[in-house]
Amino acid sequence: MDLLEQWRKYAEDQVQAKGAKFWREYFKQETEFYKQVLTGNNAAGTVAACAQRFGVEPVIMVGFLDGINDSLKTPNTLEELEADTQVNLDYDQELLYKNMVDAKADWLYNLPEWEPLISEERRKELYKEQKSSKTVVKGEKIGRNDPCPCGSGKKYKKCCGRDL
């Protein structure tokens with residue numbers, strides 16, 4: 001069983017055993033992980049070496065890698081991770097911030113470690129960009145007697161609106 005499968009099984013077992021307490025503990029560890037990553041402790045290495053550097057078991061490290069992977073400049077192949085696999089933690093700052101906003105991880109995107117990396121003004125812009133990217137904007141409704149938008153010159157009800 002690869003490390004990603006082990007992580008998923010471990011998390012599932014822990015949730016069944018501890019419930020929300022597991023996630024509270026995990027999010028505390030995750031916060032410390034991101035504090036270190038944001039302050040420059042993001043050198044590449046093996047999964048085991050990174051786990052040791054961040055003070056966690058390799059299976060927990062895979063959980064962190066799973067969370068940050070979409071924000072990396074070169075994502076890791078999570079399905080192939082083993083303890084001796086080289087991993088990369090070279091992240092795109094703005095993408096990581098936006099992904100944290102998307103995940104509603106306010107305990108992460110509000111960390112003070114962001115301050116020297118991205119200005120407060122830019123973080124507000126990124127926050128708005130991410131929130132608006134999920135907003136569905138409906139187009140103007142076409143009335144039955146309006147000209148058809150296909151350009152035929154007919155009324156909508158006699159043209160494309162007939163299919164409705």
# chains A, B, ... in the order shown; residues from 1 in each chain; ligands from 1
$ select_by_dssp --residues "stretch 9-163 of chain A" --states "strand (DSSP E or B)" --output "list in words"
Gly45, Thr46, Leu72, Gln86, Val87, Tyr91, Pro147 and Lys155 of chain A
$ atom_distance --atom1 "atom CA of A:Thr46" --atom2 "atom CA of A:Gln6"
16.9 Å
$ closest_residue --among "A:Lys21, A:Arg144, A:Arg8, A:Lys98" --to "A:Gly63" --atoms "only C-alpha atoms"
A:Arg8
$ select_by_dssp --residues "stretch 17-137 of chain A" --states "alpha helix (DSSP H)" --output "PyMOL selection string"
chain A and resi 17-18+20-38+47-54+58-68+93-102+106-109+120-133
$ atom_distance --atom1 "atom CA of A:Asp2" --atom2 "atom CA of A:Glu32"
25.0 Å
$ closest_residue --among "A:Tyr34, A:Tyr97, A:Leu4, A:Ala20" --to "A:Glu120" --atoms "only C-alpha atoms"
A:Tyr97
$ residues_around --residues "A:Tyr127" --least-positions-apart "4" --cutoff "7 Å" --atoms "only C-alpha atoms" --output "PDB file with N, CA and C atoms, in the first residue's frame"
ATOM      1  N   LYS A  98      -4.734  31.560  -2.739  1.00  0.00           N
ATOM      2  CA  LYS A  98      -6.077  31.398  -3.297  1.00  0.00           C
ATOM      3  C   LYS A  98      -6.656  30.018  -2.991  1.00  0.00           C
ATOM      4  N   VAL A 101      -7.963  30.062   0.477  1.00  0.00           N
ATOM      5  CA  VAL A 101      -9.251  30.773   0.515  1.00  0.00           C
ATOM      6  C   VAL A 101     -10.344  29.847   0.006  1.00  0.00           C
ATOM      7  N   ARG A 123      -3.303  40.508  -0.979  1.00  0.00           N
ATOM      8  CA  ARG A 123      -4.056  39.382  -0.396  1.00  0.00           C
ATOM      9  C   ARG A 123      -5.549  39.639  -0.472  1.00  0.00           C
ATOM     10  N   LYS A 131     -13.023  34.358  -4.429  1.00  0.00           N
ATOM     11  CA  LYS A 131     -14.446  34.302  -4.085  1.00  0.00           C
ATOM     12  C   LYS A 131     -15.319  34.561  -5.309  1.00  0.00           C
TER      13      LYS A 131
END
$ residues_around --residues "A:Val47" --least-positions-apart "3" --cutoff "6 Å" --atoms "only C-alpha atoms" --output "list in words"
Cys50, Ala83 and Thr85 of chain A
$ residues_around --residues "A:Gln29" --least-positions-apart "2" --cutoff "12 Å" --atoms "only C-alpha atoms" --output "ChimeraX atom specification"
/A:22-27,31-36,51,54-57,60-61,63-64,107-108
$ write_last_selection --atoms "N, CA and C atoms" --output "tab-separated table (two decimals), in the first residue's frame"
chain	number	residue	atom	x	y	z
A	22	PHE	N	-9.64	14.45	15.97
A	22	PHE	CA	-8.54	14.12	15.06
A	22	PHE	C	-8.24	15.32	14.15
A	23	TRP	N	-9.29	15.89	13.55
A	23	TRP	CA	-9.06	17.01	12.63
A	23	TRP	C	-8.54	18.24	13.35
A	24	ARG	N	-8.99	18.49	14.58
A	24	ARG	CA	-8.44	19.63	15.34
A	24	ARG	C	-6.93	19.47	15.54
A	25	GLU	N	-6.53	18.25	15.93
A	25	GLU	CA	-5.10	17.97	16.12
A	25	GLU	C	-4.34	18.09	14.80
A	26	TYR	N	-4.92	17.53	13.75
A	26	TYR	CA	-4.27	17.59	12.44
A	26	TYR	C	-4.11	19.03	11.98
A	27	PHE	N	-5.15	19.86	12.13
A	27	PHE	CA	-5.09	21.25	11.68
A	27	PHE	C	-4.06	22.05	12.47
A	31	THR	N	-1.03	23.79	10.56
A	31	THR	CA	-0.72	25.21	10.74
A	31	THR	C	0.78	25.39	10.96
A	32	GLU	N	1.38	24.55	11.79
A	32	GLU	CA	2.82	24.63	12.03
A	32	GLU	C	3.60	24.31	10.76
A	33	PHE	N	3.12	23.35	10.00
A	33	PHE	CA	3.74	23.00	8.72
A	33	PHE	C	3.76	24.23	7.79
A	34	TYR	N	2.62	24.89	7.64
A	34	TYR	CA	2.55	26.04	6.75
A	34	TYR	C	3.36	27.22	7.28
A	35	LYS	N	3.41	27.40	8.58
A	35	LYS	CA	4.25	28.47	9.13
A	35	LYS	C	5.70	28.27	8.70
A	36	GLN	N	6.17	27.03	8.78
A	36	GLN	CA	7.55	26.73	8.39
A	36	GLN	C	7.74	26.89	6.89
A	51	ALA	N	9.30	14.71	6.67
A	51	ALA	CA	8.52	14.37	7.86
A	51	ALA	C	9.33	14.61	9.11
A	54	PHE	N	9.70	18.36	9.76
A	54	PHE	CA	8.47	18.97	10.26
A	54	PHE	C	7.93	18.29	11.50
A	55	GLY	N	8.63	17.26	11.99
A	55	GLY	CA	8.27	16.63	13.25
A	55	GLY	C	7.01	15.79	13.22
A	56	VAL	N	6.78	15.09	12.09
A	56	VAL	CA	5.61	14.23	11.97
A	56	VAL	C	6.02	12.89	11.36
A	57	GLU	N	5.11	11.95	11.39
A	57	GLU	CA	5.31	10.66	10.74
A	57	GLU	C	5.17	10.84	9.23
A	60	ILE	N	1.61	11.25	7.92
A	60	ILE	CA	1.04	12.58	8.15
A	60	ILE	C	1.62	13.57	7.15
A	61	MET	N	2.91	13.42	6.84
A	61	MET	CA	3.55	14.29	5.85
A	61	MET	C	2.83	14.19	4.52
A	63	GLY	N	-0.27	13.65	4.09
A	63	GLY	CA	-1.49	14.47	4.23
A	63	GLY	C	-1.19	15.93	3.93
A	64	PHE	N	-0.07	16.44	4.44
A	64	PHE	CA	0.33	17.82	4.15
A	64	PHE	C	0.62	17.99	2.66
A	107	TRP	N	-7.68	29.73	9.10
A	107	TRP	CA	-6.57	29.59	10.03
A	107	TRP	C	-5.23	29.55	9.29
A	108	LEU	N	-5.27	29.32	7.97
A	108	LEU	CA	-4.05	29.30	7.17
A	108	LEU	C	-3.85	30.57	6.35
$ residues_around --residues "stretch 66-77 of chain A" --least-positions-apart "2" --cutoff "9 Å" --atoms "only C-alpha atoms" --output "mmCIF file with all heavy atoms, in the first residue's frame"
data_model
loop_
_atom_site.group_PDB
_atom_site.id
_atom_site.type_symbol
_atom_site.label_atom_id
_atom_site.label_comp_id
_atom_site.auth_asym_id
_atom_site.auth_seq_id
_atom_site.Cartn_x
_atom_site.Cartn_y
_atom_site.Cartn_z
ATOM 1 N N LEU A 4 0.011 7.384 0.085
ATOM 2 C CA LEU A 4 -1.243 8.124 -0.049
ATOM 3 C C LEU A 4 -2.426 7.278 0.424
ATOM 4 O O LEU A 4 -3.285 7.757 1.161
ATOM 5 C CB LEU A 4 -1.450 8.588 -1.497
ATOM 6 C CG LEU A 4 -2.685 9.436 -1.749
ATOM 7 C CD1 LEU A 4 -2.643 10.737 -0.935
ATOM 8 C CD2 LEU A 4 -2.833 9.755 -3.237
ATOM 9 N N MET A 61 2.910 13.419 6.843
ATOM 10 C CA MET A 61 3.552 14.287 5.850
ATOM 11 C C MET A 61 2.835 14.191 4.515
ATOM 12 O O MET A 61 2.653 15.188 3.815
ATOM 13 C CB MET A 61 5.034 13.904 5.710
ATOM 14 C CG MET A 61 5.827 14.833 4.832
ATOM 15 S SD MET A 61 5.961 16.465 5.601
ATOM 16 C CE MET A 61 6.001 17.480 4.157
ATOM 17 N N VAL A 62 2.396 12.990 4.159
ATOM 18 C CA VAL A 62 1.665 12.802 2.903
ATOM 19 C C VAL A 62 0.347 13.572 2.944
ATOM 20 O O VAL A 62 -0.081 14.128 1.932
ATOM 21 C CB VAL A 62 1.447 11.304 2.605
ATOM 22 C CG1 VAL A 62 0.528 11.101 1.413
ATOM 23 C CG2 VAL A 62 2.782 10.631 2.339
ATOM 24 N N GLY A 63 -0.273 13.654 4.093
ATOM 25 C CA GLY A 63 -1.485 14.471 4.230
ATOM 26 C C GLY A 63 -1.191 15.929 3.931
ATOM 27 O O GLY A 63 -1.945 16.600 3.225
ATOM 28 N N PHE A 64 -0.074 16.437 4.439
ATOM 29 C CA PHE A 64 0.327 17.824 4.153
ATOM 30 C C PHE A 64 0.617 17.987 2.661
ATOM 31 O O PHE A 64 0.212 18.974 2.047
ATOM 32 C CB PHE A 64 1.578 18.215 4.942
ATOM 33 C CG PHE A 64 1.433 18.191 6.436
ATOM 34 C CD1 PHE A 64 2.545 18.037 7.241
ATOM 35 C CD2 PHE A 64 0.194 18.334 7.048
ATOM 36 C CE1 PHE A 64 2.438 18.036 8.616
ATOM 37 C CE2 PHE A 64 0.078 18.329 8.430
ATOM 38 C CZ PHE A 64 1.202 18.176 9.212
ATOM 39 N N GLU A 79 0.371 9.472 -5.835
ATOM 40 C CA GLU A 79 0.070 8.040 -5.863
ATOM 41 C C GLU A 79 1.327 7.182 -5.825
ATOM 42 O O GLU A 79 1.259 5.994 -5.520
ATOM 43 C CB GLU A 79 -0.750 7.684 -7.109
ATOM 44 C CG GLU A 79 -2.131 8.291 -7.141
ATOM 45 C CD GLU A 79 -2.140 9.778 -7.539
ATOM 46 O OE1 GLU A 79 -1.132 10.275 -8.108
ATOM 47 O OE2 GLU A 79 -3.145 10.436 -7.248
ATOM 48 N N GLU A 80 2.484 7.765 -6.139
ATOM 49 C CA GLU A 80 3.720 7.001 -6.187
ATOM 50 C C GLU A 80 4.634 7.267 -4.989
ATOM 51 O O GLU A 80 5.765 6.787 -4.965
ATOM 52 C CB GLU A 80 4.468 7.328 -7.490
ATOM 53 C CG GLU A 80 3.685 6.944 -8.725
ATOM 54 C CD GLU A 80 4.346 7.406 -10.021
ATOM 55 O OE1 GLU A 80 5.474 7.932 -9.968
ATOM 56 O OE2 GLU A 80 3.719 7.248 -11.078
ATOM 57 N N LEU A 81 4.181 8.026 -4.018
ATOM 58 C CA LEU A 81 5.042 8.387 -2.890
ATOM 59 C C LEU A 81 5.374 7.197 -2.004
ATOM 60 O O LEU A 81 4.495 6.435 -1.607
ATOM 61 C CB LEU A 81 4.383 9.469 -2.036
ATOM 62 C CG LEU A 81 4.244 10.855 -2.641
ATOM 63 C CD1 LEU A 81 3.582 11.797 -1.655
ATOM 64 C CD2 LEU A 81 5.585 11.407 -3.078
ATOM 65 N N GLN A 86 11.733 11.462 -3.483
ATOM 66 C CA GLN A 86 12.070 12.890 -3.432
ATOM 67 C C GLN A 86 10.801 13.697 -3.675
ATOM 68 O O GLN A 86 10.049 13.404 -4.609
ATOM 69 C CB GLN A 86 13.096 13.235 -4.520
ATOM 70 C CG GLN A 86 14.484 12.733 -4.244
ATOM 71 C CD GLN A 86 15.182 13.522 -3.156
ATOM 72 O OE1 GLN A 86 14.968 14.714 -2.985
ATOM 73 N NE2 GLN A 86 16.026 12.838 -2.393
ATOM 74 N N VAL A 87 10.556 14.686 -2.844
ATOM 75 C CA VAL A 87 9.392 15.553 -3.012
ATOM 76 C C VAL A 87 9.838 17.001 -3.126
ATOM 77 O O VAL A 87 10.940 17.364 -2.724
ATOM 78 C CB VAL A 87 8.363 15.402 -1.869
ATOM 79 C CG1 VAL A 87 7.720 14.032 -1.899
ATOM 80 C CG2 VAL A 87 8.981 15.693 -0.527
ATOM 81 N N ASN A 88 8.968 17.787 -3.650
ATOM 82 C CA ASN A 88 9.222 19.194 -3.907
ATOM 83 C C ASN A 88 8.183 19.999 -3.148
ATOM 84 O O ASN A 88 7.022 19.613 -3.086
ATOM 85 C CB ASN A 88 9.137 19.348 -5.435
ATOM 86 C CG ASN A 88 8.519 20.627 -5.896
ATOM 87 O OD1 ASN A 88 8.883 21.704 -5.457
ATOM 88 N ND2 ASN A 88 7.591 20.518 -6.809
ATOM 89 N N LEU A 89 8.594 21.094 -2.543
ATOM 90 C CA LEU A 89 7.674 21.988 -1.834
ATOM 91 C C LEU A 89 7.767 23.408 -2.381
ATOM 92 O O LEU A 89 7.450 24.372 -1.690
ATOM 93 C CB LEU A 89 7.980 21.990 -0.331
ATOM 94 C CG LEU A 89 7.675 20.702 0.423
ATOM 95 C CD1 LEU A 89 8.165 20.779 1.858
ATOM 96 C CD2 LEU A 89 6.200 20.396 0.380
ATOM 97 N N ASP A 90 8.201 23.546 -3.642
ATOM 98 C CA ASP A 90 8.343 24.855 -4.267
ATOM 99 C C ASP A 90 6.958 25.323 -4.724
ATOM 100 O O ASP A 90 6.463 24.889 -5.762
ATOM 101 C CB ASP A 90 9.313 24.765 -5.451
ATOM 102 C CG ASP A 90 9.645 26.126 -6.028
ATOM 103 O OD1 ASP A 90 9.467 27.151 -5.325
ATOM 104 O OD2 ASP A 90 10.069 26.160 -7.209
ATOM 105 N N TYR A 91 6.344 26.187 -3.949
ATOM 106 C CA TYR A 91 4.959 26.580 -4.182
ATOM 107 C C TYR A 91 4.854 27.948 -4.857
ATOM 108 O O TYR A 91 5.745 28.772 -4.771
ATOM 109 C CB TYR A 91 4.169 26.596 -2.866
ATOM 110 C CG TYR A 91 4.686 27.593 -1.856
ATOM 111 C CD1 TYR A 91 4.135 28.869 -1.765
ATOM 112 C CD2 TYR A 91 5.728 27.282 -0.998
ATOM 113 C CE1 TYR A 91 4.614 29.791 -0.852
ATOM 114 C CE2 TYR A 91 6.210 28.196 -0.085
ATOM 115 C CZ TYR A 91 5.651 29.449 -0.020
ATOM 116 O OH TYR A 91 6.136 30.361 0.878
ATOM 117 N N ASP A 92 3.725 28.143 -5.518
ATOM 118 C CA ASP A 92 3.366 29.440 -6.100
ATOM 119 C C ASP A 92 2.622 30.194 -5.000
ATOM 120 O O ASP A 92 1.548 29.761 -4.578
ATOM 121 C CB ASP A 92 2.480 29.221 -7.323
ATOM 122 C CG ASP A 92 2.006 30.496 -7.974
ATOM 123 O OD1 ASP A 92 1.467 31.373 -7.258
ATOM 124 O OD2 ASP A 92 2.145 30.613 -9.199
ATOM 125 N N GLN A 93 3.168 31.307 -4.523
ATOM 126 C CA GLN A 93 2.603 32.022 -3.371
ATOM 127 C C GLN A 93 1.143 32.407 -3.577
ATOM 128 O O GLN A 93 0.301 32.151 -2.711
ATOM 129 C CB GLN A 93 3.417 33.281 -3.075
ATOM 130 C CG GLN A 93 4.797 33.010 -2.577
ATOM 131 C CD GLN A 93 5.612 34.279 -2.398
ATOM 132 O OE1 GLN A 93 5.187 35.374 -2.749
ATOM 133 N NE2 GLN A 93 6.797 34.134 -1.846
ATOM 134 N N GLU A 94 0.840 33.038 -4.692
ATOM 135 C CA GLU A 94 -0.526 33.515 -4.905
ATOM 136 C C GLU A 94 -1.502 32.358 -5.089
ATOM 137 O O GLU A 94 -2.617 32.404 -4.590
ATOM 138 C CB GLU A 94 -0.572 34.487 -6.086
ATOM 139 C CG GLU A 94 0.153 35.782 -5.768
ATOM 140 C CD GLU A 94 -0.048 36.871 -6.809
ATOM 141 O OE1 GLU A 94 -0.689 36.629 -7.864
ATOM 142 O OE2 GLU A 94 0.437 37.997 -6.567
ATOM 143 N N LEU A 95 -1.068 31.319 -5.784
ATOM 144 C CA LEU A 95 -1.933 30.158 -5.967
ATOM 145 C C LEU A 95 -2.204 29.470 -4.632
ATOM 146 O O LEU A 95 -3.340 29.070 -4.353
ATOM 147 C CB LEU A 95 -1.299 29.188 -6.961
ATOM 148 C CG LEU A 95 -2.095 27.926 -7.278
ATOM 149 C CD1 LEU A 95 -3.482 28.275 -7.833
ATOM 150 C CD2 LEU A 95 -1.322 27.058 -8.253
ATOM 151 N N LEU A 96 -1.175 29.348 -3.803
ATOM 152 C CA LEU A 96 -1.354 28.742 -2.481
ATOM 153 C C LEU A 96 -2.347 29.549 -1.661
ATOM 154 O O LEU A 96 -3.260 28.998 -1.038
ATOM 155 C CB LEU A 96 -0.015 28.626 -1.743
ATOM 156 C CG LEU A 96 -0.073 28.039 -0.328
ATOM 157 C CD1 LEU A 96 -0.656 26.631 -0.340
ATOM 158 C CD2 LEU A 96 1.318 28.038 0.303
ATOM 159 N N TYR A 97 -2.203 30.863 -1.679
ATOM 160 C CA TYR A 97 -3.115 31.716 -0.922
ATOM 161 C C TYR A 97 -4.554 31.532 -1.418
ATOM 162 O O TYR A 97 -5.477 31.336 -0.630
ATOM 163 C CB TYR A 97 -2.694 33.186 -1.044
ATOM 164 C CG TYR A 97 -3.480 34.089 -0.138
ATOM 165 C CD1 TYR A 97 -3.124 34.235 1.195
ATOM 166 C CD2 TYR A 97 -4.604 34.767 -0.594
ATOM 167 C CE1 TYR A 97 -3.862 35.045 2.050
ATOM 168 C CE2 TYR A 97 -5.344 35.582 0.255
ATOM 169 C CZ TYR A 97 -4.962 35.715 1.563
ATOM 170 O OH TYR A 97 -5.705 36.508 2.409
ATOM 171 N N LYS A 98 -4.734 31.560 -2.739
ATOM 172 C CA LYS A 98 -6.077 31.398 -3.297
ATOM 173 C C LYS A 98 -6.656 30.018 -2.991
ATOM 174 O O LYS A 98 -7.854 29.896 -2.700
ATOM 175 C CB LYS A 98 -6.055 31.652 -4.809
ATOM 176 C CG LYS A 98 -5.876 33.126 -5.141
ATOM 177 C CD LYS A 98 -5.625 33.367 -6.605
ATOM 178 C CE LYS A 98 -6.883 33.304 -7.416
ATOM 179 N NZ LYS A 98 -6.675 33.764 -8.810
ATOM 180 N N ASN A 99 -5.824 28.991 -3.023
ATOM 181 C CA ASN A 99 -6.306 27.646 -2.695
ATOM 182 C C ASN A 99 -6.723 27.539 -1.233
ATOM 183 O O ASN A 99 -7.678 26.836 -0.901
ATOM 184 C CB ASN A 99 -5.255 26.593 -3.038
ATOM 185 C CG ASN A 99 -5.153 26.347 -4.529
ATOM 186 O OD1 ASN A 99 -6.052 26.671 -5.298
ATOM 187 N ND2 ASN A 99 -4.036 25.785 -4.960
#
$ residues_around --residues "A:Leu38" --least-positions-apart "6" --cutoff "9 Å" --atoms "only C-alpha atoms" --output "ChimeraX atom specification"
/A:93,113-114,117
$ write_last_selection --atoms "N, CA and C atoms" --output "PDB file, in the first residue's frame"
ATOM      1  N   GLN A  93       3.168  31.307  -4.523  1.00  0.00           N
ATOM      2  CA  GLN A  93       2.603  32.022  -3.371  1.00  0.00           C
ATOM      3  C   GLN A  93       1.143  32.407  -3.577  1.00  0.00           C
ATOM      4  N   GLU A 113       2.572  34.946   8.804  1.00  0.00           N
ATOM      5  CA  GLU A 113       3.720  34.625   7.947  1.00  0.00           C
ATOM      6  C   GLU A 113       3.508  35.048   6.495  1.00  0.00           C
ATOM      7  N   TRP A 114       2.267  35.351   6.120  1.00  0.00           N
ATOM      8  CA  TRP A 114       1.993  35.839   4.768  1.00  0.00           C
ATOM      9  C   TRP A 114       2.468  37.276   4.568  1.00  0.00           C
ATOM     10  N   LEU A 117       5.436  38.080   2.482  1.00  0.00           N
ATOM     11  CA  LEU A 117       5.386  37.438   1.172  1.00  0.00           C
ATOM     12  C   LEU A 117       4.464  38.151   0.191  1.00  0.00           C
TER      13      LEU A 117
END
$ atom_distance --atom1 "atom CA of A:Ser133" --atom2 "atom CA of A:Lys104"
14.0 Å
